[in-house]
>>> print(open('data_34.txt').read())   # compact mmCIF, C-alpha atoms and all ligand atoms
# COMPACT_ATOMS: atom_id res chain seq x y z
CA MET A 20 -79.14 8.61 -24.06
CA ARG A 21 -79.06 4.84 -23.55
CA THR A 22 -77.09 2.53 -21.25
CA GLN A 23 -77.41 -0.92 -19.75
CA ILE A 24 -77.49 0.07 -16.06
CA ALA A 25 -78.62 3.47 -14.76
CA ILE A 26 -77.05 3.94 -11.32
CA ILE A 27 -78.70 6.55 -9.10
CA GLY A 28 -76.27 7.95 -6.50
CA ALA A 29 -72.47 8.29 -6.49
CA GLY A 30 -71.79 7.22 -2.90
CA PRO A 31 -69.76 4.10 -2.10
CA ALA A 32 -72.51 1.76 -3.41
CA GLY A 33 -73.02 3.55 -6.72
CA LEU A 34 -69.37 4.13 -7.51
CA VAL A 35 -68.13 0.67 -6.54
CA LEU A 36 -70.95 -0.76 -8.68
CA ALA A 37 -69.90 1.43 -11.62
CA HIS A 38 -66.33 0.11 -11.36
CA LEU A 39 -67.45 -3.53 -11.00
CA LEU A 40 -69.71 -3.25 -14.06
CA HIS A 41 -66.98 -1.54 -16.08
CA ARG A 42 -64.67 -4.44 -15.29
CA ALA A 43 -67.37 -6.88 -16.44
CA GLY A 44 -67.83 -5.00 -19.72
CA ILE A 45 -71.31 -3.72 -18.80
CA ASP A 46 -72.19 -0.09 -19.59
CA ALA A 47 -73.46 2.14 -16.81
CA VAL A 48 -74.15 5.81 -16.20
CA VAL A 49 -74.13 7.24 -12.66
CA VAL A 50 -76.56 10.09 -11.91
CA GLU A 51 -75.81 12.01 -8.69
CA ARG A 52 -77.73 14.84 -7.08
CA ARG A 53 -74.71 16.59 -5.54
CA SER A 54 -71.31 17.79 -6.74
CA ARG A 55 -68.17 15.65 -6.48
CA ASP A 56 -66.76 18.01 -3.83
CA TYR A 57 -69.87 17.63 -1.71
CA VAL A 58 -69.87 13.82 -1.88
CA GLU A 59 -66.15 13.65 -1.16
CA GLY A 60 -66.39 16.13 1.68
CA ARG A 61 -68.92 14.22 3.80
CA VAL A 62 -67.22 12.90 6.92
CA ARG A 63 -68.51 9.41 7.50
CA ALA A 64 -67.17 5.91 7.84
CA GLY A 65 -63.67 5.04 8.93
CA VAL A 66 -63.40 1.27 9.14
CA LEU A 67 -63.05 -1.09 6.18
CA GLU A 68 -63.60 -4.82 6.53
CA GLN A 69 -60.99 -7.12 5.04
CA GLY A 70 -63.40 -8.02 2.20
CA THR A 71 -63.83 -4.32 1.33
CA VAL A 72 -60.05 -3.81 1.37
CA GLU A 73 -59.51 -6.78 -0.95
CA LEU A 74 -62.24 -5.59 -3.31
CA LEU A 75 -60.69 -2.11 -3.60
CA ASP A 76 -57.41 -3.84 -4.47
CA ARG A 77 -59.12 -5.99 -7.12
CA LEU A 78 -60.71 -2.89 -8.64
CA GLY A 79 -57.26 -1.32 -8.91
CA VAL A 80 -58.12 1.54 -6.55
CA GLY A 81 -56.32 0.30 -3.43
CA ALA A 82 -52.80 1.70 -3.88
CA ARG A 83 -53.21 4.82 -1.73
CA MET A 84 -55.21 2.89 0.88
CA ARG A 85 -52.29 0.42 1.15
CA ARG A 86 -49.87 3.34 1.59
CA GLU A 87 -51.86 5.60 3.89
CA GLY A 88 -54.47 3.34 5.56
CA LEU A 89 -53.88 1.98 9.04
CA PRO A 90 -54.23 -1.81 9.31
CA HIS A 91 -55.48 -2.86 12.73
CA ALA A 92 -55.15 -6.37 14.12
CA GLY A 93 -57.28 -5.70 17.17
CA THR A 94 -59.74 -3.39 18.90
CA ASN A 95 -60.27 -2.33 22.52
CA LEU A 96 -63.28 -2.27 24.80
CA ALA A 97 -63.34 -0.08 27.91
CA VAL A 98 -65.82 -0.81 30.68
CA ASP A 99 -66.11 1.85 33.34
CA GLY A 100 -62.58 2.88 32.48
CA GLU A 101 -61.02 -0.60 32.43
CA MET A 102 -59.68 -1.63 29.02
CA PHE A 103 -59.21 -4.96 27.35
CA ARG A 104 -58.17 -5.85 23.83
CA ILE A 105 -59.72 -8.20 21.31
CA ASP A 106 -57.06 -9.66 19.05
CA MET A 107 -59.12 -10.02 15.87
CA GLN A 108 -56.19 -11.23 13.82
CA ALA A 109 -55.37 -14.07 16.22
CA LEU A 110 -59.03 -15.04 16.64
CA THR A 111 -60.16 -14.88 13.01
CA GLY A 112 -57.10 -14.52 10.79
CA SER A 113 -58.44 -11.13 9.61
CA GLY A 114 -58.16 -7.52 10.63
CA ILE A 115 -59.63 -4.21 9.53
CA MET A 116 -58.27 -1.13 7.78
CA VAL A 117 -58.80 2.38 9.08
CA TYR A 118 -59.19 4.54 5.98
CA GLY A 119 -61.82 7.27 5.74
CA GLN A 120 -64.82 7.04 3.45
CA GLN A 121 -63.75 10.43 2.06
CA GLU A 122 -60.46 8.89 0.93
CA VAL A 123 -62.22 5.86 -0.56
CA MET A 124 -64.49 8.22 -2.50
CA ARG A 125 -61.56 10.26 -3.77
CA ASP A 126 -59.80 7.11 -5.03
CA LEU A 127 -63.00 5.85 -6.69
CA PHE A 128 -63.70 9.22 -8.39
CA ASP A 129 -60.09 9.58 -9.59
CA ALA A 130 -60.14 6.09 -11.11
CA ALA A 131 -63.58 6.72 -12.64
CA GLU A 132 -62.21 9.79 -14.36
CA GLU A 133 -59.15 7.90 -15.66
CA ARG A 134 -61.33 5.07 -16.95
CA GLY A 135 -63.89 7.41 -18.48
CA LEU A 136 -66.85 6.16 -16.41
CA PRO A 137 -69.74 8.53 -17.04
CA ILE A 138 -70.99 10.35 -13.93
CA VAL A 139 -73.57 13.13 -14.10
CA PHE A 140 -73.23 15.42 -11.07
CA GLU A 141 -75.73 17.99 -9.80
CA ALA A 142 -78.70 16.27 -11.39
CA GLU A 143 -81.98 17.63 -9.99
CA GLU A 144 -85.32 15.84 -9.64
CA VAL A 145 -83.85 12.45 -10.52
CA GLN A 146 -86.67 9.95 -11.08
CA PRO A 147 -86.82 6.31 -12.20
CA HIS A 148 -89.77 5.36 -14.47
CA ASP A 149 -91.43 2.18 -15.75
CA ILE A 150 -89.46 -0.16 -13.48
CA GLY A 151 -92.30 -2.67 -13.81
CA THR A 152 -91.60 -3.00 -17.56
CA ASP A 153 -88.47 -4.23 -19.36
CA ARG A 154 -87.85 -0.70 -20.70
CA PRO A 155 -87.23 1.45 -17.64
CA HIS A 156 -85.73 4.92 -17.83
CA VAL A 157 -84.46 7.65 -15.55
CA THR A 158 -85.09 11.38 -15.94
CA TRP A 159 -83.51 14.46 -14.34
CA ARG A 160 -83.04 18.18 -14.80
CA ARG A 161 -79.68 19.86 -15.13
CA ASP A 162 -78.96 23.49 -15.96
CA GLY A 163 -82.64 23.96 -16.69
CA ALA A 164 -82.76 21.16 -19.30
CA GLU A 165 -84.60 17.81 -19.10
CA HIS A 166 -82.58 14.62 -19.57
CA ARG A 167 -83.65 11.04 -20.17
CA LEU A 168 -81.59 7.87 -19.82
CA ASP A 169 -83.05 4.64 -21.23
CA CYS A 170 -81.67 1.46 -19.68
CA ASP A 171 -82.17 -2.25 -19.00
CA PHE A 172 -82.03 -1.90 -15.21
CA VAL A 173 -81.96 0.81 -12.55
CA ALA A 174 -79.65 0.48 -9.52
CA GLY A 175 -80.98 2.58 -6.63
CA CYS A 176 -77.79 3.49 -4.75
CA ASP A 177 -79.14 6.82 -3.56
CA GLY A 178 -78.85 6.43 0.19
CA PHE A 179 -81.46 6.61 2.92
CA HIS A 180 -83.03 9.86 1.64
CA GLY A 181 -83.05 8.88 -2.05
CA VAL A 182 -85.98 8.42 -4.43
CA SER A 183 -85.49 4.78 -5.41
CA ARG A 184 -86.87 2.99 -2.38
CA GLY A 185 -90.20 4.80 -2.73
CA CYS A 186 -90.63 3.35 -6.24
CA ILE A 187 -91.37 -0.04 -4.72
CA PRO A 188 -95.16 0.02 -4.23
CA ASP A 189 -96.56 0.18 -0.71
CA GLY A 190 -98.23 -3.21 -0.89
CA VAL A 191 -94.95 -4.87 -1.87
CA ARG A 192 -92.47 -2.97 0.28
CA GLN A 193 -91.96 -3.95 3.90
CA GLU A 194 -89.93 -1.78 6.24
CA PHE A 195 -88.43 -2.65 9.60
CA GLU A 196 -87.20 0.20 11.74
CA ARG A 197 -85.89 1.23 15.13
CA VAL A 198 -84.84 4.80 15.85
CA TYR A 199 -82.55 4.88 18.89
CA PRO A 200 -83.27 7.42 21.63
CA PHE A 201 -79.83 9.08 21.37
CA GLY A 202 -77.30 10.27 18.80
CA TRP A 203 -73.55 10.35 18.27
CA LEU A 204 -71.72 13.62 18.54
CA GLY A 205 -68.57 13.26 16.45
CA ILE A 206 -65.52 15.47 16.06
CA LEU A 207 -62.40 15.50 13.93
CA ALA A 208 -59.23 17.09 15.29
CA GLU A 209 -55.70 17.44 14.02
CA VAL A 210 -54.19 15.56 16.97
CA PRO A 211 -52.54 12.12 17.29
CA PRO A 212 -54.97 9.30 18.22
CA ALA A 213 -55.43 8.23 21.85
CA ALA A 214 -54.20 4.72 21.12
CA HIS A 215 -52.87 2.63 18.27
CA GLU A 216 -56.27 0.90 17.86
CA LEU A 217 -59.92 1.92 18.37
CA ILE A 218 -61.47 2.08 21.84
CA TYR A 219 -65.21 1.42 22.32
CA ALA A 220 -66.19 2.60 25.80
CA ASN A 221 -69.20 1.71 27.90
CA HIS A 222 -69.48 4.12 30.84
CA GLU A 223 -72.36 4.93 33.16
CA ARG A 224 -72.51 8.39 31.56
CA GLY A 225 -72.86 6.80 28.10
CA PHE A 226 -70.93 5.44 25.14
CA ALA A 227 -67.71 6.91 23.74
CA LEU A 228 -65.50 5.91 20.82
CA ALA A 229 -61.91 6.80 20.10
CA SER A 230 -61.12 6.40 16.42
CA MET A 231 -58.79 8.03 13.93
CA ARG A 232 -58.10 8.87 10.32
CA SER A 233 -54.29 8.95 10.34
CA ALA A 234 -51.30 9.24 12.69
CA GLY A 235 -52.06 12.95 13.04
CA ARG A 236 -55.85 13.06 12.85
CA SER A 237 -58.33 11.73 15.40
CA ARG A 238 -62.03 10.98 15.20
CA TYR A 239 -63.95 10.83 18.47
CA TYR A 240 -67.59 10.25 19.31
CA VAL A 241 -69.72 10.52 22.45
CA GLN A 242 -73.32 9.39 22.81
CA CYS A 243 -75.60 12.42 23.36
CA PRO A 244 -79.29 13.19 23.71
CA LEU A 245 -81.06 13.57 20.36
CA ASP A 246 -82.15 17.13 21.09
CA ASP A 247 -78.62 18.36 21.90
CA ARG A 248 -77.24 20.96 19.50
CA ILE A 249 -73.65 21.50 18.37
CA GLU A 250 -73.62 24.80 20.30
CA ASP A 251 -74.20 22.81 23.50
CA TRP A 252 -70.83 21.14 22.98
CA PRO A 253 -67.90 23.56 22.94
CA ASP A 254 -64.59 21.69 22.52
CA ASP A 255 -63.67 21.81 26.22
CA ARG A 256 -66.91 20.14 27.22
CA PHE A 257 -66.44 17.51 24.55
CA TRP A 258 -62.87 16.63 25.64
CA ASP A 259 -63.86 16.50 29.34
CA GLU A 260 -66.78 14.19 28.64
CA LEU A 261 -64.78 11.97 26.30
CA CYS A 262 -61.96 11.53 28.81
CA LEU A 263 -64.37 10.79 31.61
CA ARG A 264 -66.09 8.05 29.62
CA LEU A 265 -62.89 6.51 28.24
CA GLY A 266 -61.47 6.32 31.76
CA PRO A 267 -58.05 7.36 33.08
CA GLN A 268 -55.99 4.73 31.26
CA ALA A 269 -57.26 5.62 27.77
CA ALA A 270 -57.68 9.32 28.60
CA ALA A 271 -53.96 9.49 29.36
CA GLY A 272 -53.39 9.00 25.61
CA VAL A 273 -55.83 11.72 24.49
CA THR A 274 -54.28 14.86 23.01
CA ARG A 275 -56.72 17.76 23.07
CA GLY A 276 -56.94 20.24 20.23
CA ARG A 277 -59.35 22.41 18.29
CA SER A 278 -62.02 20.41 16.48
CA PHE A 279 -62.50 21.27 12.80
CA GLU A 280 -65.61 19.18 12.26
CA LYS A 281 -68.42 18.58 14.70
CA SER A 282 -71.79 16.99 13.96
CA ILE A 283 -74.57 14.99 15.58
CA ALA A 284 -75.84 11.86 13.82
CA PRO A 285 -79.00 9.97 14.80
CA LEU A 286 -78.82 6.17 15.17
CA ARG A 287 -81.19 3.88 13.33
CA SER A 288 -81.71 0.24 12.44
CA PHE A 289 -83.68 -0.03 9.20
CA VAL A 290 -84.27 -2.68 6.53
CA THR A 291 -86.46 -2.64 3.41
CA GLU A 292 -87.63 -5.87 1.83
CA PRO A 293 -87.41 -6.82 -0.98
CA MET A 294 -84.30 -5.20 -2.42
CA ARG A 295 -85.55 -5.73 -5.97
CA HIS A 296 -88.79 -4.80 -7.68
CA GLY A 297 -89.13 -5.38 -11.42
CA ARG A 298 -86.15 -3.74 -13.05
CA LEU A 299 -85.13 -1.76 -9.95
CA PHE A 300 -82.49 -2.97 -7.50
CA LEU A 301 -81.70 -1.28 -4.19
CA ALA A 302 -78.20 -1.34 -2.68
CA GLY A 303 -76.53 0.22 0.36
CA ASP A 304 -78.20 2.81 2.59
CA ALA A 305 -81.10 3.06 0.09
CA ALA A 306 -82.19 -0.34 1.42
CA HIS A 307 -80.84 -0.47 4.97
CA ILE A 308 -79.26 1.52 7.79
CA VAL A 309 -77.29 0.23 10.75
CA PRO A 310 -76.28 2.16 13.86
CA PRO A 311 -72.58 3.00 13.36
CA THR A 312 -71.39 1.04 16.42
CA GLY A 313 -70.40 -2.00 14.34
CA ALA A 314 -68.83 0.12 11.54
CA LYS A 315 -70.85 -1.82 9.00
CA GLY A 316 -72.66 0.77 6.82
CA MET A 317 -70.17 1.34 4.04
CA ASN A 318 -69.06 -2.29 4.09
CA LEU A 319 -72.64 -3.46 3.59
CA ALA A 320 -73.05 -1.04 0.69
CA VAL A 321 -69.98 -2.68 -0.89
CA SER A 322 -71.10 -6.27 -0.30
CA ASP A 323 -74.55 -5.51 -1.78
CA VAL A 324 -73.08 -4.21 -5.03
CA VAL A 325 -70.60 -7.10 -5.28
CA MET A 326 -73.64 -9.43 -5.27
CA LEU A 327 -75.54 -7.18 -7.67
CA ALA A 328 -72.66 -6.96 -10.14
CA GLU A 329 -72.30 -10.75 -10.09
CA ALA A 330 -76.02 -11.13 -10.79
CA LEU A 331 -75.93 -8.64 -13.67
CA ALA A 332 -72.83 -10.26 -15.19
CA GLU A 333 -74.67 -13.60 -15.09
CA PHE A 334 -77.65 -11.97 -16.83
CA TYR A 335 -75.61 -10.51 -19.67
CA GLN A 336 -72.90 -13.15 -20.06
CA ASP A 337 -74.74 -16.40 -19.31
CA LYS A 338 -78.20 -15.16 -20.35
CA SER A 339 -79.50 -16.38 -16.98
CA ALA A 340 -81.91 -14.50 -14.72
CA ALA A 341 -81.14 -16.75 -11.73
CA GLY A 342 -78.69 -14.25 -10.23
CA ILE A 343 -80.94 -11.19 -10.48
CA ASP A 344 -83.90 -13.23 -9.23
CA GLY A 345 -81.87 -14.33 -6.20
CA TYR A 346 -80.21 -10.96 -5.50
CA SER A 347 -82.67 -9.68 -2.90
CA ALA A 348 -82.70 -12.83 -0.78
CA ARG A 349 -78.93 -13.24 -0.99
CA ALA A 350 -78.19 -9.63 -0.06
CA LEU A 351 -80.79 -9.56 2.73
CA ALA A 352 -79.33 -12.69 4.36
CA ARG A 353 -76.05 -10.83 4.92
CA VAL A 354 -77.74 -7.51 5.70
CA TRP A 355 -79.78 -9.03 8.55
CA LYS A 356 -76.65 -10.54 10.13
CA ALA A 357 -74.94 -7.14 10.08
CA GLU A 358 -78.13 -5.53 11.43
CA ARG A 359 -78.15 -8.02 14.28
CA PHE A 360 -74.51 -7.42 15.13
CA SER A 361 -74.84 -3.61 14.99
CA TRP A 362 -77.99 -3.69 17.11
CA TRP A 363 -76.38 -6.02 19.65
CA PHE A 364 -73.14 -4.03 19.89
CA THR A 365 -75.15 -0.81 20.31
CA GLY A 366 -77.20 -2.39 23.10
CA LEU A 367 -74.08 -3.64 24.84
CA THR A 368 -72.24 -0.33 24.85
CA HIS A 369 -74.83 2.48 25.14
CA ARG A 370 -76.82 3.92 27.98
CA PHE A 371 -80.53 3.78 27.20
CA PRO A 372 -83.00 6.16 28.83
CA GLY A 373 -84.96 4.09 31.27
CA THR A 374 -82.06 1.67 31.73
CA GLY A 375 -82.18 0.74 35.37
CA PRO A 376 -79.54 -0.75 37.66
CA LEU A 377 -80.50 -4.27 36.57
CA GLU A 378 -79.84 -3.59 32.87
CA ARG A 379 -76.58 -1.86 33.75
CA ARG A 380 -75.41 -4.89 35.74
CA LEU A 381 -76.38 -7.15 32.83
CA GLN A 382 -74.30 -5.05 30.42
CA GLN A 383 -71.36 -5.20 32.82
CA ALA A 384 -71.77 -8.96 33.16
CA GLU A 385 -71.86 -9.48 29.41
CA LEU A 386 -68.75 -7.34 28.93
CA ALA A 387 -67.00 -9.27 31.71
CA TYR A 388 -68.00 -12.51 29.99
CA ILE A 389 -66.54 -11.28 26.68
CA LYS A 390 -63.34 -10.25 28.46
CA GLY A 391 -62.92 -13.74 29.88
CA SER A 392 -64.15 -15.89 27.01
CA ARG A 393 -62.23 -16.69 23.85
CA ALA A 394 -65.47 -17.99 22.31
CA ALA A 395 -67.31 -14.71 22.96
CA GLN A 396 -64.38 -12.67 21.67
CA THR A 397 -64.28 -14.79 18.52
CA THR A 398 -67.98 -14.16 17.91
CA LEU A 399 -67.47 -10.42 18.26
CA ALA A 400 -64.30 -10.44 16.15
CA GLU A 401 -65.67 -12.47 13.25
CA ASN A 402 -68.66 -10.13 12.94
CA TYR A 403 -66.48 -7.04 13.29
CA VAL A 404 -63.96 -8.01 10.60
CA GLY A 405 -66.88 -8.93 8.34
CA LEU A 406 -68.82 -12.10 7.60
CA PRO A 407 -68.09 -13.82 4.28
CA LEU A 408 -70.29 -13.35 1.23
CA VAL A 409 -72.30 -16.54 0.73
P1 LIG A 501 -74.58 7.28 0.50
O1 LIG A 501 -73.17 7.37 0.91
O2 LIG A 501 -75.60 8.02 1.29
O3 LIG A 501 -74.64 7.74 -1.02
C1 LIG A 501 -75.86 7.95 -1.68
C2 LIG A 501 -75.64 8.96 -2.78
O4 LIG A 501 -76.87 9.18 -3.47
C3 LIG A 501 -77.06 10.57 -3.66
N1 LIG A 501 -78.50 10.83 -3.80
C4 LIG A 501 -79.11 11.02 -4.98
N2 LIG A 501 -78.62 11.05 -6.23
C5 LIG A 501 -79.52 11.29 -7.23
N3 LIG A 501 -80.84 11.48 -7.01
C6 LIG A 501 -81.36 11.46 -5.77
N4 LIG A 501 -82.67 11.63 -5.57
C7 LIG A 501 -80.48 11.21 -4.69
N5 LIG A 501 -80.65 11.11 -3.37
C8 LIG A 501 -79.44 10.88 -2.84
C9 LIG A 501 -76.44 11.22 -2.44
O5 LIG A 501 -76.09 12.57 -2.68
C10 LIG A 501 -75.22 10.32 -2.23
O6 LIG A 501 -74.09 10.79 -2.91
O7 LIG A 501 -75.06 5.76 0.43
P2 LIG A 501 -74.28 4.42 0.06
O8 LIG A 501 -73.53 4.58 -1.23
O9 LIG A 501 -75.25 3.32 0.19
O10 LIG A 501 -73.14 4.27 1.17
C11 LIG A 501 -73.50 4.10 2.52
C12 LIG A 501 -72.43 4.68 3.44
O11 LIG A 501 -72.16 6.00 3.05
C13 LIG A 501 -72.87 4.63 4.90
O12 LIG A 501 -73.47 3.39 5.17
C14 LIG A 501 -71.69 4.83 5.88
O13 LIG A 501 -71.19 6.13 5.81
C15 LIG A 501 -72.14 4.53 7.30
N6 LIG A 501 -71.09 4.75 8.31
C16 LIG A 501 -70.07 3.83 8.50
N7 LIG A 501 -69.95 2.76 7.68
C17 LIG A 501 -68.90 1.90 7.81
O14 LIG A 501 -68.82 0.92 7.04
N8 LIG A 501 -67.92 2.07 8.76
C18 LIG A 501 -67.96 3.11 9.62
O15 LIG A 501 -67.03 3.26 10.41
C19 LIG A 501 -69.07 4.03 9.52
N9 LIG A 501 -69.16 5.08 10.35
C20 LIG A 501 -71.14 5.86 9.14
C21 LIG A 501 -70.16 6.01 10.16
C22 LIG A 501 -72.11 6.86 8.96
C23 LIG A 501 -72.14 7.95 9.79
N10 LIG A 501 -73.13 8.93 9.54
C24 LIG A 501 -72.89 10.30 9.51
C25 LIG A 501 -74.41 8.53 8.98
C26 LIG A 501 -70.18 7.08 11.01
C27 LIG A 501 -71.18 8.05 10.85
C28 LIG A 501 -71.18 9.18 11.84
C1 LIG A 502 -65.06 6.24 12.54
O1 LIG A 502 -63.83 6.26 12.61
O2 LIG A 502 -65.71 7.16 12.04
C2 LIG A 502 -65.80 5.08 13.10
C3 LIG A 502 -65.09 3.98 13.56
C4 LIG A 502 -65.77 2.90 14.09
C5 LIG A 502 -67.14 2.94 14.17
C6 LIG A 502 -67.85 4.02 13.70
C7 LIG A 502 -67.18 5.10 13.17
O3 LIG A 502 -67.79 1.88 14.73
>>> encode(input="data_34.txt", output="structure tokens", more="lines below")
Ligand code: RFL
Ligand code: PHB
Amino acid sequence: MRTQIAIIGAGPAGLVLAHLLHRAGIDAVVVERRSRDYVEGRVRAGVLEQGTVELLDRLGVGARMRREGLPHAGTNLAVDGEMFRIDMQALTGSGIMVYGQQEVMRDLFDAAEERGLPIVFEAEEVQPHDIGTDRPHVTWRRDGAEHRLDCDFVAGCDGFHGVSRGCIPDGVRQEFERVYPFGWLGILAEVPPAAHELIYANHERGFALASMRSAGRSRYYVQCPLDDRIEDWPDDRFWDELCLRLGPQAAAGVTRGRSFEKSIAPLRSFVTEPMRHGRLFLAGDAAHIVPPTGAKGMNLAVSDVVMLAEALAEFYQDKSAAGIDGYSARALARVWKAERFSWWFTGLTHRFPGTGPLERRLQQAELAYIKGSRAAQTTLAENYVGLPLV
């Protein structure tokens, strides 16, 4: 089998890239380790930046998002139970869209099927080869048979635990990492959301977040110790802790109910440099991870592949390598800004082990400053709604 671009991974990065390349008349094959049901079933991101929303529209996959997604003009911060709102729309002219990653994936898969984009699911032992030459290829096993895909380039869109990143040799690859000393316990419940918009809460007992998926489905998180297990958190304990951290005003809006999804996710800041080696490009979580506080992960995966698709179109249409040569630096410039914002917002809102009374007062002072300063709110808002692609 032969194609122009072999895409490893059918998450948001891989599938958006496949659609972008299709629109540019470039052939691609996506090779994914899991089944479609598995990829679509993973409960993950919920917030789309304006740029992501507009891109989904441009790709012709935004109709259901426009119907069912929840556009938000603002977001709320709660500090020791006291809430204030940041009017992102007024401050930046942009908002965000609450629409689950699962829904985005369903729309992307449906459109891929209609457009005949080739996706190989349940591919085992996927491996890129010869990325240092101009004739790379990818191999995998499926149903006991070996497969080989020859290509011009490999796009490593295979997430944090994928194989692609490791193909960049040790002497070339640089990694920057912080693992945070806590996790997020998240639940989904078939209950109306606590408020019309999201609430990010800083409380002396730790961070909490009230989010949603629809008018009848809520998504909540509380910061928890990394060694906590799901069994430690029966629903009643979760609701009590959530309400305590949100404070009485926000808690008054919380409707309790049985959770139907409950999981603990670790928090990490991570960047690999460079994002290109030879004929291999990395995009999305394969190259970088942000703590979820800024809601940036899926949006960064999308902005990476927008840049990558532009670079590849330039290569094929204008016969110029300038775009692919500049891809890594261009993508990393935006990645590091999102890393900074996510790291800062995590530091502002979470309780760190070893945080003493001084650090707590400093957090409270910074939050009070944001509450009272249009300039500070604008800084937060313009990062939250998404920085432009440059
Ligand atoms: P993905 O989604 O991990 O997809 C990678 C795909 O590659 C496949 N794969 C392989 N395929 C073939 N061969 C191999 N060897 C392979 N190894 C892996 C995997 O099966 C998978 O299908 O990466 P991608 O495409 O870069 O997308 C990244 C986003 O999924 C991720 O950044 C977000 O989910 C992060 N995130 C959030 N992002 C936001 O923009 N807004 C949010 O509100 C938000 N909230 C979150 C989040 C992530 C969370 N968790 C659980 C990590 C909330 C949480 C709790
Ligand atoms: C979510 O709804 O899952 C969500 C929202 C905002 C975040 C992280 C996750 O910052």
>>> residues_around(input="data_34.txt", residues="Arg238 (chain A)", least_positions_apart="4", cutoff="12 Å", atoms="only C-alpha atoms", output="PyMOL selection string")
chain A and resi 62-66+117-119+203-214+216-218+227-234+258+261+273-276+278-282
>>> closest_residue(input="data_34.txt", among="A:Gln108, A:Thr397, A:Ser54, A:Asn221", to="ligand LIG 501 (chain A)", atoms="all atoms listed in the file")
A:Ser54
>>> atom_distance(input="data_34.txt", atom1="CA of Glu59 (chain A)", atom2="atom C8 of ligand LIG 501 (chain A)")
13.7 Å
>>> closest_residue(input="data_34.txt", among="A:Pro137, A:Pro372, A:Pro293, A:Gly60", to="Arg224 (chain A)", atoms="all atoms listed in the file")
A:Pro372
>>> atom_distance(input="data_34.txt", atom1="atom C11 of ligand LIG 501 (chain A)", atom2="CA of Gly28 (chain A)")
10.2 Å
>>> residues_near_ligand(input="data_34.txt", ligand="ligand LIG 501 (chain A)", cutoff="6 Å", atoms="all atoms listed in the file", output="PyMOL selection string")
chain A and resi 27-33+50-53+58+63-66+145+176-178+180-182+284+303-305+311+314-318+320
>>> atom_distance(input="data_34.txt", atom1="CA of Val324 (chain A)", atom2="CA of Glu73 (chain A)")
14.4 Å
>>> closest_residue(input="data_34.txt", among="A:Phe300, A:Trp355, A:Trp159, A:Phe257", to="Val173 (chain A)", atoms="only C-alpha atoms")
A:Phe300
>>> closest_residue(input="data_34.txt", among="A:Val409, A:Cys186, A:Ala82, A:Leu89", to="ligand LIG 502 (chain A)", atoms="all atoms listed in the file")
A:Leu89
>>> closest_residue(input="data_34.txt", among="A:Asp259, A:Glu143, A:Glu358, A:Glu385", to="Tyr403 (chain A)", atoms="only C-alpha atoms")
A:Glu358
>>> axis_aligned_box(input="data_34.txt", around="ligand LIG 502 (chain A)", padding_each_side="3 Å", output="AutoDock Vina command-line options")
--center_x -65.8 --center_y 4.5 --center_z 13.4 --size_x 10.0 --size_y 11.3 --size_z 8.7
>>> closest_residue(input="data_34.txt", among="A:Asp149, A:Glu68, A:Asp344, A:Asp56", to="ligand LIG 502 (chain A)", atoms="all atoms listed in the file")
A:Glu68
>>> closest_atom_pairs(input="data_34.txt", of="region 63-83 of chain A", to="region 38-44 of chain A", cutoff="12 Å", atoms="only C-alpha atoms", output="tab-separated table")
residue	atom	partner	partner_atom	distance
A:Leu74	CA	A:Leu39	CA	9.5
A:Leu75	CA	A:His38	CA	9.8
A:Asp76	CA	A:His38	CA	11.9
A:Arg77	CA	A:Leu39	CA	9.5
A:Leu78	CA	A:His38	CA	6.9
A:Gly79	CA	A:His38	CA	9.5
A:Val80	CA	A:His38	CA	9.6
>>> write_last_selection(input="data_34.txt", atoms="C-alpha atoms", output="compact mmCIF listing (two decimals), keeping the file's coordinate frame")
# COMPACT_ATOMS: atom_id res chain seq x y z
CA LEU A 74 -62.24 -5.59 -3.31
CA LEU A 75 -60.69 -2.11 -3.60
CA ASP A 76 -57.41 -3.84 -4.47
CA ARG A 77 -59.12 -5.99 -7.12
CA LEU A 78 -60.71 -2.89 -8.64
CA GLY A 79 -57.26 -1.32 -8.91
CA VAL A 80 -58.12 1.54 -6.55
>>> residues_near_point(input="data_34.txt", point="(-64.7, -12.1, 25.8)", cutoff="12 Å", atoms="all atoms listed in the file", output="ChimeraX atom specification")
/A:95-96,103-107,110,383-400
>>> residues_around(input="data_34.txt", residues="region 325-327 of chain A", least_positions_apart="4", cutoff="7 Å", atoms="only C-alpha atoms", output="count of residues only")
4
>>> build_atoms(input="data_34.txt", residues="region 183-187 of chain A", atoms="N, CA and C atoms", output="PDB file, in the coordinates of the input")
ATOM      1  N   SER A 183     -85.286   6.130  -4.846  1.00  0.00           N
ATOM      2  CA  SER A 183     -85.490   4.780  -5.410  1.00  0.00           C
ATOM      3  C   SER A 183     -86.399   3.907  -4.556  1.00  0.00           C
ATOM      4  N   ARG A 184     -86.114   3.908  -3.242  1.00  0.00           N
ATOM      5  CA  ARG A 184     -86.870   2.990  -2.380  1.00  0.00           C
ATOM      6  C   ARG A 184     -88.370   3.204  -2.514  1.00  0.00           C
ATOM      7  N   GLY A 185     -88.780   4.462  -2.628  1.00  0.00           N
ATOM      8  CA  GLY A 185     -90.200   4.800  -2.730  1.00  0.00           C
ATOM      9  C   GLY A 185     -90.861   4.321  -4.008  1.00  0.00           C
ATOM     10  N   CYS A 186     -90.065   3.869  -4.985  1.00  0.00           N
ATOM     11  CA  CYS A 186     -90.630   3.350  -6.240  1.00  0.00           C
ATOM     12  C   CYS A 186     -91.162   1.936  -6.085  1.00  0.00           C
ATOM     13  N   ILE A 187     -90.805   1.285  -4.979  1.00  0.00           N
ATOM     14  CA  ILE A 187     -91.370  -0.040  -4.720  1.00  0.00           C
ATOM     15  C   ILE A 187     -92.746   0.188  -4.077  1.00  0.00           C
TER      16      ILE A 187
END
